[in-house]
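K.L.:
Okay, so here is query-v7.pdb, and as you'll see once you scroll down, it has PDB, C-alpha atoms and all ligand atoms.
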ATOM      1  CA  MET A   1       0.000   0.000   0.000  1.00  0.00           C
ATOM      2  CA  HIS A   2       1.262   3.483  -0.804  1.00  0.00           C
ATOM      3  CA  TYR A   3       2.409   5.463   2.236  1.00  0.00           C
ATOM      4  CA  GLN A   4       0.436   8.703   2.648  1.00  0.00           C
ATOM      5  CA  PRO A   5       2.057  11.011   5.176  1.00  0.00           C
ATOM      6  CA  SER A   6       0.910  14.500   6.109  1.00  0.00           C
ATOM      7  CA  GLY A   7       4.300  16.254   6.012  1.00  0.00           C
ATOM      8  CA  GLY A   8       7.824  15.259   5.081  1.00  0.00           C
ATOM      9  CA  TRP A   9       9.195  11.754   5.414  1.00  0.00           C
ATOM     10  CA  ILE A  10      12.154   9.456   4.803  1.00  0.00           C
ATOM     11  CA  GLU A  11      11.979   6.369   2.593  1.00  0.00           C
ATOM     12  CA  LEU A  12      14.884   3.945   2.318  1.00  0.00           C
ATOM     13  CA  ILE A  13      15.619   1.469  -0.460  1.00  0.00           C
ATOM     14  CA  CYS A  14      18.155  -1.128   0.669  1.00  0.00           C
ATOM     15  CA  GLY A  15      19.517  -4.534  -0.327  1.00  0.00           C
ATOM     16  CA  SER A  16      22.592  -6.195  -1.807  1.00  0.00           C
ATOM     17  CA  MET A  17      24.487  -5.004  -4.853  1.00  0.00           C
ATOM     18  CA  PHE A  18      22.590  -5.662  -8.127  1.00  0.00           C
ATOM     19  CA  SER A  19      19.238  -5.783  -6.288  1.00  0.00           C
ATOM     20  CA  GLY A  20      17.891  -2.772  -8.210  1.00  0.00           C
ATOM     21  CA  LYS A  21      18.319   0.005  -5.618  1.00  0.00           C
ATOM     22  CA  THR A  22      19.553   2.602  -8.104  1.00  0.00           C
ATOM     23  CA  GLU A  23      16.905   1.632 -10.676  1.00  0.00           C
ATOM     24  CA  GLU A  24      14.207   2.046  -8.037  1.00  0.00           C
ATOM     25  CA  LEU A  25      15.649   5.362  -6.813  1.00  0.00           C
ATOM     26  CA  LEU A  26      15.723   6.707 -10.382  1.00  0.00           C
ATOM     27  CA  ARG A  27      12.184   5.409 -10.999  1.00  0.00           C
ATOM     28  CA  ARG A  28      10.888   7.307  -7.950  1.00  0.00           C
ATOM     29  CA  VAL A  29      12.776  10.442  -9.026  1.00  0.00           C
ATOM     30  CA  ARG A  30      11.275  10.219 -12.533  1.00  0.00           C
ATOM     31  CA  ARG A  31       7.762   9.802 -11.154  1.00  0.00           C
ATOM     32  CA  ALA A  32       8.233  12.757  -8.797  1.00  0.00           C
ATOM     33  CA  GLU A  33       9.292  14.873 -11.759  1.00  0.00           C
ATOM     34  CA  ILE A  34       6.253  13.713 -13.747  1.00  0.00           C
ATOM     35  CA  ALA A  35       4.221  14.989 -10.788  1.00  0.00           C
ATOM     36  CA  ARG A  36       6.081  18.326 -11.286  1.00  0.00           C
ATOM     37  CA  LYS A  37       7.893  18.109  -7.972  1.00  0.00           C
ATOM     38  CA  ARG A  38      11.219  19.857  -7.732  1.00  0.00           C
ATOM     39  CA  VAL A  39      13.926  17.240  -7.166  1.00  0.00           C
ATOM     40  CA  GLN A  40      17.611  17.333  -6.206  1.00  0.00           C
ATOM     41  CA  LEU A  41      19.748  14.183  -6.440  1.00  0.00           C
ATOM     42  CA  PHE A  42      22.938  13.746  -4.387  1.00  0.00           C
ATOM     43  CA  LYS A  43      25.662  11.128  -4.196  1.00  0.00           C
ATOM     44  CA  PRO A  44      28.919  10.789  -2.247  1.00  0.00           C
ATOM     45  CA  GLN A  45      32.179  11.559  -3.998  1.00  0.00           C
ATOM     46  CA  LEU A  46      33.464   8.095  -3.114  1.00  0.00           C
ATOM     47  CA  ASP A  47      31.289   6.541  -5.818  1.00  0.00           C
ATOM     48  CA  HIS A  48      33.192   7.471  -8.963  1.00  0.00           C
ATOM     49  CA  ARG A  49      32.466   4.276 -10.931  1.00  0.00           C
ATOM     50  CA  TYR A  50      30.625   5.856 -13.855  1.00  0.00           C
ATOM     51  CA  GLY A  51      32.109   9.322 -13.584  1.00  0.00           C
ATOM     52  CA  LEU A  52      31.175  11.936 -11.051  1.00  0.00           C
ATOM     53  CA  ASP A  53      28.544  13.695 -13.125  1.00  0.00           C
ATOM     54  CA  ARG A  54      25.812  11.055 -13.101  1.00  0.00           C
ATOM     55  CA  VAL A  55      24.076   8.260 -11.207  1.00  0.00           C
ATOM     56  CA  THR A  56      24.061   5.015 -13.219  1.00  0.00           C
ATOM     57  CA  SER A  57      22.516   1.600 -12.517  1.00  0.00           C
ATOM     58  CA  HIS A  58      24.161  -1.722 -13.384  1.00  0.00           C
ATOM     59  CA  ASN A  59      21.929  -2.038 -16.445  1.00  0.00           C
ATOM     60  CA  GLY A  60      22.848   1.394 -17.764  1.00  0.00           C
ATOM     61  CA  LEU A  61      19.949   3.583 -16.569  1.00  0.00           C
ATOM     62  CA  SER A  62      21.454   6.959 -15.923  1.00  0.00           C
ATOM     63  CA  ARG A  63      20.630  10.425 -14.705  1.00  0.00           C
ATOM     64  CA  GLU A  64      22.787  13.484 -15.007  1.00  0.00           C
ATOM     65  CA  GLU A  65      22.275  16.533 -12.784  1.00  0.00           C
ATOM     66  CA  VAL A  66      23.621  14.871  -9.701  1.00  0.00           C
ATOM     67  CA  ILE A  67      25.255  16.889  -6.947  1.00  0.00           C
ATOM     68  CA  VAL A  68      28.403  15.231  -5.641  1.00  0.00           C
ATOM     69  CA  VAL A  69      29.349  15.830  -2.016  1.00  0.00           C
ATOM     70  CA  GLU A  70      32.228  14.615   0.090  1.00  0.00           C
ATOM     71  CA  LYS A  71      30.473  14.801   3.470  1.00  0.00           C
ATOM     72  CA  ALA A  72      26.886  14.655   4.714  1.00  0.00           C
ATOM     73  CA  GLU A  73      27.160  18.178   6.191  1.00  0.00           C
ATOM     74  CA  GLU A  74      27.570  19.651   2.695  1.00  0.00           C
ATOM     75  CA  ILE A  75      24.034  18.645   1.691  1.00  0.00           C
ATOM     76  CA  LEU A  76      21.862  21.069   3.722  1.00  0.00           C
ATOM     77  CA  PRO A  77      23.437  24.312   2.398  1.00  0.00           C
ATOM     78  CA  LEU A  78      23.022  23.000  -1.175  1.00  0.00           C
ATOM     79  CA  VAL A  79      19.298  22.264  -0.875  1.00  0.00           C
ATOM     80  CA  LEU A  80      17.260  24.944  -2.664  1.00  0.00           C
ATOM     81  CA  PRO A  81      14.286  26.465  -0.790  1.00  0.00           C
ATOM     82  CA  GLU A  82      11.862  25.258  -3.483  1.00  0.00           C
ATOM     83  CA  THR A  83      13.114  21.627  -3.529  1.00  0.00           C
ATOM     84  CA  GLU A  84      10.390  19.183  -2.506  1.00  0.00           C
ATOM     85  CA  VAL A  85      12.162  15.846  -3.067  1.00  0.00           C
ATOM     86  CA  ILE A  86      15.743  15.003  -2.069  1.00  0.00           C
ATOM     87  CA  ALA A  87      17.191  11.725  -3.380  1.00  0.00           C
ATOM     88  CA  ILE A  88      20.523  10.346  -2.168  1.00  0.00           C
ATOM     89  CA  ASP A  89      22.218   7.292  -3.725  1.00  0.00           C
ATOM     90  CA  GLU A  90      24.977   5.179  -2.082  1.00  0.00           C
ATOM     91  CA  VAL A  91      23.960   6.532   1.308  1.00  0.00           C
ATOM     92  CA  GLN A  92      25.965   3.797   3.096  1.00  0.00           C
ATOM     93  CA  PHE A  93      29.162   5.727   2.303  1.00  0.00           C
ATOM     94  CA  PHE A  94      28.230   8.700   4.522  1.00  0.00           C
ATOM     95  CA  ASP A  95      28.953   8.798   8.232  1.00  0.00           C
ATOM     96  CA  TRP A  96      26.203   8.695  10.850  1.00  0.00           C
ATOM     97  CA  SER A  97      25.569  12.447  10.592  1.00  0.00           C
ATOM     98  CA  ILE A  98      23.620  11.723   7.373  1.00  0.00           C
ATOM     99  CA  ALA A  99      20.767  10.704   9.708  1.00  0.00           C
ATOM    100  CA  ASP A 100      20.628  14.242  11.191  1.00  0.00           C
ATOM    101  CA  VAL A 101      20.667  15.752   7.701  1.00  0.00           C
ATOM    102  CA  CYS A 102      17.773  13.531   6.553  1.00  0.00           C
ATOM    103  CA  THR A 103      15.836  14.293   9.737  1.00  0.00           C
ATOM    104  CA  VAL A 104      16.153  18.065   9.201  1.00  0.00           C
ATOM    105  CA  LEU A 105      15.001  17.726   5.582  1.00  0.00           C
ATOM    106  CA  ALA A 106      11.998  15.558   6.474  1.00  0.00           C
ATOM    107  CA  ASP A 107      11.073  17.859   9.385  1.00  0.00           C
ATOM    108  CA  GLN A 108      11.069  20.739   6.881  1.00  0.00           C
ATOM    109  CA  GLY A 109       8.294  18.897   5.029  1.00  0.00           C
ATOM    110  CA  ARG A 110      10.391  17.387   2.247  1.00  0.00           C
ATOM    111  CA  ARG A 111      10.309  13.858   0.851  1.00  0.00           C
ATOM    112  CA  VAL A 112      13.704  12.179   1.336  1.00  0.00           C
ATOM    113  CA  ILE A 113      14.446   9.103  -0.816  1.00  0.00           C
ATOM    114  CA  LEU A 114      17.572   7.134   0.120  1.00  0.00           C
ATOM    115  CA  ALA A 115      19.227   4.106  -1.515  1.00  0.00           C
ATOM    116  CA  GLY A 116      22.075   2.109  -0.017  1.00  0.00           C
ATOM    117  CA  LEU A 117      23.662  -1.222   0.777  1.00  0.00           C
ATOM    118  CA  ASP A 118      22.336  -2.630   4.033  1.00  0.00           C
ATOM    119  CA  GLN A 119      25.268  -5.039   4.436  1.00  0.00           C
ATOM    120  CA  ASP A 120      28.956  -4.862   3.600  1.00  0.00           C
ATOM    121  CA  PHE A 121      30.867  -7.754   1.986  1.00  0.00           C
ATOM    122  CA  ARG A 122      31.292  -9.304   5.465  1.00  0.00           C
ATOM    123  CA  GLY A 123      27.520  -9.600   5.821  1.00  0.00           C
ATOM    124  CA  GLU A 124      27.495  -6.935   8.554  1.00  0.00           C
ATOM    125  CA  PRO A 125      25.459  -3.695   8.735  1.00  0.00           C
ATOM    126  CA  PHE A 126      26.992  -1.005   6.516  1.00  0.00           C
ATOM    127  CA  GLY A 127      27.798   2.368   8.174  1.00  0.00           C
ATOM    128  CA  PRO A 128      24.726   4.474   9.035  1.00  0.00           C
ATOM    129  CA  MET A 129      22.214   2.078   7.417  1.00  0.00           C
ATOM    130  CA  PRO A 130      20.815   0.575  10.660  1.00  0.00           C
ATOM    131  CA  LEU A 131      20.124   4.070  12.016  1.00  0.00           C
ATOM    132  CA  LEU A 132      18.493   5.176   8.759  1.00  0.00           C
ATOM    133  CA  MET A 133      16.348   2.028   8.712  1.00  0.00           C
ATOM    134  CA  ALA A 134      15.113   2.872  12.196  1.00  0.00           C
ATOM    135  CA  LEU A 135      14.337   6.512  11.358  1.00  0.00           C
ATOM    136  CA  ALA A 136      12.698   5.984   7.964  1.00  0.00           C
ATOM    137  CA  GLU A 137       8.913   5.944   7.630  1.00  0.00           C
ATOM    138  CA  ARG A 138       9.203   3.391   4.855  1.00  0.00           C
ATOM    139  CA  VAL A 139      11.880   0.742   4.173  1.00  0.00           C
ATOM    140  CA  ASP A 140      12.010  -1.449   1.053  1.00  0.00           C
ATOM    141  CA  LYS A 141      14.492  -4.307   1.009  1.00  0.00           C
ATOM    142  CA  LEU A 142      15.255  -5.508  -2.514  1.00  0.00           C
ATOM    143  CA  HIS A 143      16.907  -8.775  -3.544  1.00  0.00           C
ATOM    144  CA  ALA A 144      19.144  -9.679  -6.446  1.00  0.00           C
ATOM    145  CA  ILE A 145      19.559 -13.192  -7.882  1.00  0.00           C
ATOM    146  CA  CYS A 146      22.286 -15.383  -6.359  1.00  0.00           C
ATOM    147  CA  VAL A 147      24.770 -16.021  -9.178  1.00  0.00           C
ATOM    148  CA  VAL A 148      25.708 -19.396  -7.658  1.00  0.00           C
ATOM    149  CA  CYS A 149      22.335 -21.062  -7.015  1.00  0.00           C
ATOM    150  CA  GLY A 150      19.636 -18.781  -8.451  1.00  0.00           C
ATOM    151  CA  ALA A 151      17.908 -18.115  -5.102  1.00  0.00           C
ATOM    152  CA  SER A 152      17.117 -14.600  -3.868  1.00  0.00           C
ATOM    153  CA  ALA A 153      20.331 -12.839  -2.928  1.00  0.00           C
ATOM    154  CA  SER A 154      20.514 -10.786   0.270  1.00  0.00           C
ATOM    155  CA  ARG A 155      24.310 -10.514   0.354  1.00  0.00           C
ATOM    156  CA  THR A 156      27.235  -9.210  -1.658  1.00  0.00           C
ATOM    157  CA  GLN A 157      30.269 -11.405  -2.297  1.00  0.00           C
ATOM    158  CA  ARG A 158      33.585  -9.585  -2.748  1.00  0.00           C
ATOM    159  CA  LEU A 159      36.102 -11.453  -4.894  1.00  0.00           C
ATOM    160  CA  ILE A 160      39.830 -10.726  -4.949  1.00  0.00           C
ATOM    161  CA  ASP A 161      41.604 -12.487  -7.828  1.00  0.00           C
ATOM    162  CA  GLY A 162      38.546 -14.709  -8.144  1.00  0.00           C
ATOM    163  CA  ARG A 163      38.604 -15.796  -4.472  1.00  0.00           C
ATOM    164  CA  PRO A 164      36.299 -14.708  -1.623  1.00  0.00           C
ATOM    165  CA  ALA A 165      37.751 -11.664   0.157  1.00  0.00           C
ATOM    166  CA  ARG A 166      38.844 -12.290   3.729  1.00  0.00           C
ATOM    167  CA  TYR A 167      37.083 -10.718   6.721  1.00  0.00           C
ATOM    168  CA  ASP A 168      40.009  -8.359   7.428  1.00  0.00           C
ATOM    169  CA  ASP A 169      39.766  -6.700   3.989  1.00  0.00           C
ATOM    170  CA  PRO A 170      38.852  -2.966   4.215  1.00  0.00           C
ATOM    171  CA  ILE A 171      35.120  -2.249   4.194  1.00  0.00           C
ATOM    172  CA  ILE A 172      35.229   0.334   1.422  1.00  0.00           C
ATOM    173  CA  LEU A 173      36.291  -0.806  -2.031  1.00  0.00           C
ATOM    174  CA  VAL A 174      34.441   0.849  -4.897  1.00  0.00           C
ATOM    175  CA  GLY A 175      33.686  -1.477  -7.813  1.00  0.00           C
ATOM    176  CA  GLY A 176      31.140  -3.406  -9.844  1.00  0.00           C
ATOM    177  CA  SER A 177      30.780  -6.863 -11.356  1.00  0.00           C
ATOM    178  CA  GLU A 178      34.559  -7.263 -11.758  1.00  0.00           C
ATOM    179  CA  ARG A 179      34.799  -7.451  -7.949  1.00  0.00           C
ATOM    180  CA  TYR A 180      31.376  -8.214  -6.571  1.00  0.00           C
ATOM    181  CA  GLU A 181      28.602 -10.800  -6.984  1.00  0.00           C
ATOM    182  CA  ALA A 182      25.098 -11.066  -5.575  1.00  0.00           C
ATOM    183  CA  ARG A 183      24.742 -14.177  -3.404  1.00  0.00           C
ATOM    184  CA  CYS A 184      22.292 -15.767  -0.991  1.00  0.00           C
ATOM    185  CA  ARG A 185      23.160 -16.479   2.651  1.00  0.00           C
ATOM    186  CA  ASN A 186      24.117 -20.096   1.823  1.00  0.00           C
ATOM    187  CA  CYS A 187      26.489 -19.245  -0.998  1.00  0.00           C
ATOM    188  CA  HIS A 188      28.060 -16.166   0.641  1.00  0.00           C
ATOM    189  CA  GLN A 189      31.613 -16.769   1.897  1.00  0.00           C
ATOM    190  CA  VAL A 190      33.814 -14.693   4.200  1.00  0.00           C
ATOM    191  CA  PRO A 191      36.985 -16.578   5.130  1.00  0.00           C
ATOM    192  CA  GLY A 192      38.349 -15.493   8.503  1.00  0.00           C
ATOM    193  CA  LYS A 193      34.963 -14.307   9.779  1.00  0.00           C
ATOM    194  CA  PRO A 194      34.719 -15.086  13.503  1.00  0.00           C
ATOM    195  CA  GLY A 195      32.605 -18.209  13.886  1.00  0.00           C
ATOM    196  CA  ALA A 196      32.592 -19.056  10.165  1.00  0.00           C
ATOM    197  CA  ALA A 197      34.118 -22.199   8.641  1.00  0.00           C
ATOM    198  CA  ASP A 198      37.067 -21.202   6.359  1.00  0.00           C
TER     199      ASP A 198
HETATM  200  N1  LIG B 201      22.727 -11.162  -9.920  1.00  0.00           N
HETATM  201  C1  LIG B 201      21.881 -10.208 -10.360  1.00  0.00           C
HETATM  202  N2  LIG B 201      20.617 -10.173  -9.900  1.00  0.00           N
HETATM  203  C2  LIG B 201      19.756  -9.236 -10.340  1.00  0.00           C
HETATM  204  N3  LIG B 201      20.066  -8.275 -11.236  1.00  0.00           N
HETATM  205  C3  LIG B 201      21.317  -8.249 -11.726  1.00  0.00           C
HETATM  206  C4  LIG B 201      22.281  -9.226 -11.331  1.00  0.00           C
HETATM  207  N4  LIG B 201      23.440  -8.949 -11.992  1.00  0.00           N
HETATM  208  C5  LIG B 201      23.213  -7.857 -12.748  1.00  0.00           C
HETATM  209  N5  LIG B 201      21.945  -7.425 -12.594  1.00  0.00           N
HETATM  210  C6  LIG B 201      21.406  -6.214 -13.246  1.00  0.00           C
HETATM  211  O1  LIG B 201      21.466  -5.180 -12.293  1.00  0.00           O
HETATM  212  C7  LIG B 201      20.300  -4.368 -12.399  1.00  0.00           C
HETATM  213  C8  LIG B 201      20.104  -3.589 -11.096  1.00  0.00           C
HETATM  214  O2  LIG B 201      21.096  -2.585 -11.064  1.00  0.00           O
HETATM  215  P1  LIG B 201      21.123  -1.438  -9.965  1.00  0.00           P
HETATM  216  O3  LIG B 201      19.795  -0.750  -9.905  1.00  0.00           O
HETATM  217  O4  LIG B 201      22.312  -0.591 -10.266  1.00  0.00           O
HETATM  218  O5  LIG B 201      21.345  -2.271  -8.621  1.00  0.00           O
HETATM  219  P2  LIG B 201      21.966  -1.797  -7.223  1.00  0.00           P
HETATM  220  O6  LIG B 201      21.900  -0.289  -7.171  1.00  0.00           O
HETATM  221  O7  LIG B 201      21.110  -2.449  -6.185  1.00  0.00           O
HETATM  222  O8  LIG B 201      23.377  -2.314  -7.199  1.00  0.00           O
HETATM  223  C9  LIG B 201      19.213  -5.376 -12.715  1.00  0.00           C
HETATM  224  O9  LIG B 201      18.079  -4.795 -13.340  1.00  0.00           O
HETATM  225  C10 LIG B 201      19.937  -6.319 -13.677  1.00  0.00           C
HETATM  226  O10 LIG B 201      19.865  -5.830 -14.997  1.00  0.00           O
HETATM  227  C1  LIG B 202      29.613  -4.884  -0.516  1.00  0.00           C
HETATM  228  C2  LIG B 202      30.479  -3.665  -0.576  1.00  0.00           C
HETATM  229  C3  LIG B 202      30.361  -2.769  -1.629  1.00  0.00           C
HETATM  230  N1  LIG B 202      31.144  -1.675  -1.672  1.00  0.00           N
HETATM  231  C4  LIG B 202      31.000  -0.716  -2.790  1.00  0.00           C
HETATM  232  C5  LIG B 202      30.991  -1.312  -4.163  1.00  0.00           C
HETATM  233  C6  LIG B 202      30.174  -0.327  -4.956  1.00  0.00           C
HETATM  234  O1  LIG B 202      31.063   0.723  -5.363  1.00  0.00           O
HETATM  235  C7  LIG B 202      29.166   0.214  -3.943  1.00  0.00           C
HETATM  236  C8  LIG B 202      27.794  -0.408  -4.036  1.00  0.00           C
HETATM  237  O2  LIG B 202      27.155  -0.045  -5.236  1.00  0.00           O
HETATM  238  P1  LIG B 202      25.685  -0.561  -5.664  1.00  0.00           P
HETATM  239  O3  LIG B 202      25.035   0.679  -6.208  1.00  0.00           O
HETATM  240  O4  LIG B 202      24.987  -1.092  -4.451  1.00  0.00           O
HETATM  241  O5  LIG B 202      25.895  -1.587  -6.714  1.00  0.00           O
HETATM  242  O6  LIG B 202      29.727  -0.090  -2.662  1.00  0.00           O
HETATM  243  C9  LIG B 202      32.060  -1.411  -0.674  1.00  0.00           C
HETATM  244  O7  LIG B 202      32.777  -0.391  -0.695  1.00  0.00           O
HETATM  245  N2  LIG B 202      32.192  -2.308   0.358  1.00  0.00           N
HETATM  246  C10 LIG B 202      31.429  -3.417   0.448  1.00  0.00           C
HETATM  247  O8  LIG B 202      31.593  -4.177   1.440  1.00  0.00           O
HETATM  248 ZN    ZN B 203      22.932 -19.064  -3.491  1.00  0.00          ZN
END
What would the structure in this file look like if it were written as C-alpha cells?
Ligand SMILES: Nc1ncnc2c1ncn2[C@@H]1O[C@H](COP(=O)(O)OP(=O)(O)O)[C@@H](O)[C@H]1O
Ligand SMILES: Cc1cn([C@H]2C[C@H](O)[C@@H](COP(=O)(O)O)O2)c(=O)[nH]c1=O
Ligand SMILES: [Zn+2]
P.N.:
Amino acid sequence: MHYQPSGGWIELICGSMFSGKTEELLRRVRRAEIARKRVQLFKPQLDHRYGLDRVTSHNGLSREEVIVVEKAEEILPLVLPETEVIAIDEVQFFDWSIADVCTVLADQGRRVILAGLDQDFRGEPFGPMPLLMALAERVDKLHAICVVCGASASRTQRLIDGRPARYDDPIILVGGSERYEARCRNCHQVPGKPGAAD
C-alpha cells in the first residue's frame, strides 16, 4: 500500500548489490518529476564508478544533474528552498551524521528518498544504514539473484583475484561486477569471519 504522510518523510531502499536500488531510486525520481515536484539528487564523492557527473545503474539507466558531495554536512546548504524531493544514492558511504541531515530535511516537510547497501561484503550492517532504517517511515528491502544457485540474494560477495575476500579486507572498495557478486546467505563466503568455517 502506498504510504500517505501528512508532512515530510524518509523512505529507504536497501539490499545487496545488483538488487535494483539505483533503478528504483531513479524510478521514484522520474515519477516525482512527472508529478512536477522539484527534485535534487545527491551522491557521495566516493562513488566514482561511472564518472562523477551522473548516477548510473548496473543495467545502464542513468541520470545526469547529480550533486556530488564529500560529506553529509555539505548537503543542507546545497538544498534549494523550493526543492520538494531530495534523493541520495549510495547513502551507506556517509557517516552517521547523514541521519541528522535527513531528519532536518523531512522535518522541513520534504520527501527524502535514500538508496544504499544494508550489508557490507562481510555480511554486517553497513555504516549508518541501521540508524536510517530505524528513522525511515518506509523501508524497502530488494533482492538480487544469487549467481551461484539462483535463489534470492541478500548478500554481496567480494572477490579478490577470483577468491572470496577475507574478513580483514577494508570495508570500502568501490567497484562493480569485476569485484562483486550477488549471493544468498548459503552461498556467501567470508573466510576469517569469527565463527565461520574457512
Ligand atoms: N545477480 C543479479 N541479480 C539481479 N540483477 C542483476 C544481477 N546482476 C546484474 N543485474 C542487473 O542489475 C540491475 C540492477 O542494477 P542497480 O539498480 O544498479 O542495482 P543496485 O543499485 O542495487 O546495485 C538489474 O536490473 C539487472 O539488470
Ligand atoms: C559490498 C560492498 C560494496 N562496496 C562498494 C561497491 C560499490 O562501489 C558500492 C555499491 O554499489 P551498488 O550501487 O549497491 O551496486 O559499494 C564497498 O565499498 N564495500 C562493500 O563491502
Ligand atoms: Zn545461493
K.L.:
Please write as an MDAnalysis selection string the full residue list that the PyMOL selection byres (((chain A and resi 23-29) around 8) and not hetatm) yields on this file.
P.N.:
chainID A and resid 13 20:22 30:33 39 57 61:63 87 89 113:115
K.L.:
For the structure shown, which residues end up in the PyMOL selection byres (((chain A and resi 99-110) around 6) and not hetatm)? Put them as a list in words, please?
P.N.:
Gly7, Gly8, Trp9, Glu84, Val85, Trp96, Ser97, Ile98 and Arg111 of chain A
K.L.:
As a PDB file with C-alpha atoms, in the frame of the given file, please: every protein or nucleic acid residue near ligand LIG 202 (chain B) (cut-off 9 Å, counting all atoms listed in the file).
P.N.:
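Output below, filename out-v1.pdb:
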ATOM      1  CA  CYS A  14      18.155  -1.128   0.669  1.00  0.00           C
ATOM      2  CA  GLY A  15      19.517  -4.534  -0.327  1.00  0.00           C
ATOM      3  CA  SER A  16      22.592  -6.195  -1.807  1.00  0.00           C
ATOM      4  CA  MET A  17      24.487  -5.004  -4.853  1.00  0.00           C
ATOM      5  CA  PHE A  18      22.590  -5.662  -8.127  1.00  0.00           C
ATOM      6  CA  SER A  19      19.238  -5.783  -6.288  1.00  0.00           C
ATOM      7  CA  GLY A  20      17.891  -2.772  -8.210  1.00  0.00           C
ATOM      8  CA  LYS A  21      18.319   0.005  -5.618  1.00  0.00           C
ATOM      9  CA  THR A  22      19.553   2.602  -8.104  1.00  0.00           C
ATOM     10  CA  LEU A  46      33.464   8.095  -3.114  1.00  0.00           C
ATOM     11  CA  ASP A  47      31.289   6.541  -5.818  1.00  0.00           C
ATOM     12  CA  HIS A  48      33.192   7.471  -8.963  1.00  0.00           C
ATOM     13  CA  ARG A  49      32.466   4.276 -10.931  1.00  0.00           C
ATOM     14  CA  THR A  56      24.061   5.015 -13.219  1.00  0.00           C
ATOM     15  CA  SER A  57      22.516   1.600 -12.517  1.00  0.00           C
ATOM     16  CA  HIS A  58      24.161  -1.722 -13.384  1.00  0.00           C
ATOM     17  CA  ASP A  89      22.218   7.292  -3.725  1.00  0.00           C
ATOM     18  CA  GLU A  90      24.977   5.179  -2.082  1.00  0.00           C
ATOM     19  CA  GLN A  92      25.965   3.797   3.096  1.00  0.00           C
ATOM     20  CA  PHE A  93      29.162   5.727   2.303  1.00  0.00           C
ATOM     21  CA  ALA A 115      19.227   4.106  -1.515  1.00  0.00           C
ATOM     22  CA  GLY A 116      22.075   2.109  -0.017  1.00  0.00           C
ATOM     23  CA  LEU A 117      23.662  -1.222   0.777  1.00  0.00           C
ATOM     24  CA  ASP A 118      22.336  -2.630   4.033  1.00  0.00           C
ATOM     25  CA  GLN A 119      25.268  -5.039   4.436  1.00  0.00           C
ATOM     26  CA  ASP A 120      28.956  -4.862   3.600  1.00  0.00           C
ATOM     27  CA  PHE A 121      30.867  -7.754   1.986  1.00  0.00           C
ATOM     28  CA  ARG A 122      31.292  -9.304   5.465  1.00  0.00           C
ATOM     29  CA  GLY A 123      27.520  -9.600   5.821  1.00  0.00           C
ATOM     30  CA  GLU A 124      27.495  -6.935   8.554  1.00  0.00           C
ATOM     31  CA  PHE A 126      26.992  -1.005   6.516  1.00  0.00           C
ATOM     32  CA  ARG A 155      24.310 -10.514   0.354  1.00  0.00           C
ATOM     33  CA  THR A 156      27.235  -9.210  -1.658  1.00  0.00           C
ATOM     34  CA  GLN A 157      30.269 -11.405  -2.297  1.00  0.00           C
ATOM     35  CA  ARG A 158      33.585  -9.585  -2.748  1.00  0.00           C
ATOM     36  CA  ASP A 169      39.766  -6.700   3.989  1.00  0.00           C
ATOM     37  CA  PRO A 170      38.852  -2.966   4.215  1.00  0.00           C
ATOM     38  CA  ILE A 171      35.120  -2.249   4.194  1.00  0.00           C
ATOM     39  CA  ILE A 172      35.229   0.334   1.422  1.00  0.00           C
ATOM     40  CA  LEU A 173      36.291  -0.806  -2.031  1.00  0.00           C
ATOM     41  CA  VAL A 174      34.441   0.849  -4.897  1.00  0.00           C
ATOM     42  CA  GLY A 175      33.686  -1.477  -7.813  1.00  0.00           C
ATOM     43  CA  GLY A 176      31.140  -3.406  -9.844  1.00  0.00           C
ATOM     44  CA  SER A 177      30.780  -6.863 -11.356  1.00  0.00           C
ATOM     45  CA  ARG A 179      34.799  -7.451  -7.949  1.00  0.00           C
ATOM     46  CA  TYR A 180      31.376  -8.214  -6.571  1.00  0.00           C
ATOM     47  CA  GLU A 181      28.602 -10.800  -6.984  1.00  0.00           C
TER      48      GLU A 181
END
K.L.:
Please write as a CSV table (one decimal) with C-alpha atoms, in the coordinates of the input the full residue list that the PyMOL selection byres (((not hetatm)) within 10 of (chain B and resi 203)) yields on this file.
P.N.:
chain,number,residue,atom,x,y,z
A,145,ILE,CA,19.6,-13.2,-7.9
A,146,CYS,CA,22.3,-15.4,-6.4
A,147,VAL,CA,24.8,-16.0,-9.2
A,148,VAL,CA,25.7,-19.4,-7.7
A,149,CYS,CA,22.3,-21.1,-7.0
A,150,GLY,CA,19.6,-18.8,-8.5
A,151,ALA,CA,17.9,-18.1,-5.1
A,152,SER,CA,17.1,-14.6,-3.9
A,153,ALA,CA,20.3,-12.8,-2.9
A,154,SER,CA,20.5,-10.8,0.3
A,155,ARG,CA,24.3,-10.5,0.4
A,182,ALA,CA,25.1,-11.1,-5.6
A,183,ARG,CA,24.7,-14.2,-3.4
A,184,CYS,CA,22.3,-15.8,-1.0
A,185,ARG,CA,23.2,-16.5,2.7
A,186,ASN,CA,24.1,-20.1,1.8
A,187,CYS,CA,26.5,-19.2,-1.0
A,188,HIS,CA,28.1,-16.2,0.6
K.L.:
Just the number, please: distance in Å from atom C8 of ligand LIG 201 (chain B) to CA of Lys141 in chain A, one decimal.
P.N.:
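Those two atoms sit 13.4 Å apart.
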K.L.:
Please provide as a PyMOL selection string all residues within 7 Å of Arg138 in chain A, with the sequence filter that same-chain residues fewer than 6 positions apart are discarded (counting all atoms listed in the file).
P.N.:
chain A and resi 10-12
K.L.:
May I ask for the distance between CA of Thr83 in chain A and CA of Ala35 in chain A, given in Å to one decimal place?
P.N.:
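So the two atoms, CA of Thr83 in chain A and CA of Ala35 in chain A, lie 13.3 Å apart.
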K.L.:
Of the candidates A:Ile86, A:Ser6, A:Phe94, A:Tyr167, which one gets nearest to Gln45 in chain A if we count all atoms listed in the file?
P.N.:
A:Phe94
K.L.:
Return the single residue from A:Ile75, A:Val139, A:Leu131, A:Ile88 that is closest to Val112 in chain A, with distances computed using all atoms listed in the file.
P.N.:
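Checking each candidate against Val112 in chain A, we get A:Ile88 as the closest.
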K.L.:
Please return the centre and edge lengths, in Å to one decimal, of a box with edges along x, y and z that contains all listed atoms of ligand LIG 201 (chain B), widened by 5 Å on every side, as AutoDock Vina command-line options.
P.N.:
--center_x 20.8 --center_y -5.7 --center_z -10.6 --size_x 15.4 --size_y 20.9 --size_z 18.8
K.L.:
My list of candidates is A:Glu65, A:Glu137, A:Glu74, A:Val55. Which is closest to ligand LIG 201 (chain B) when distances are computed with all atoms listed in the file?
P.N.:
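For ligand LIG 201 (chain B), the nearest of the candidates is A:Val55.
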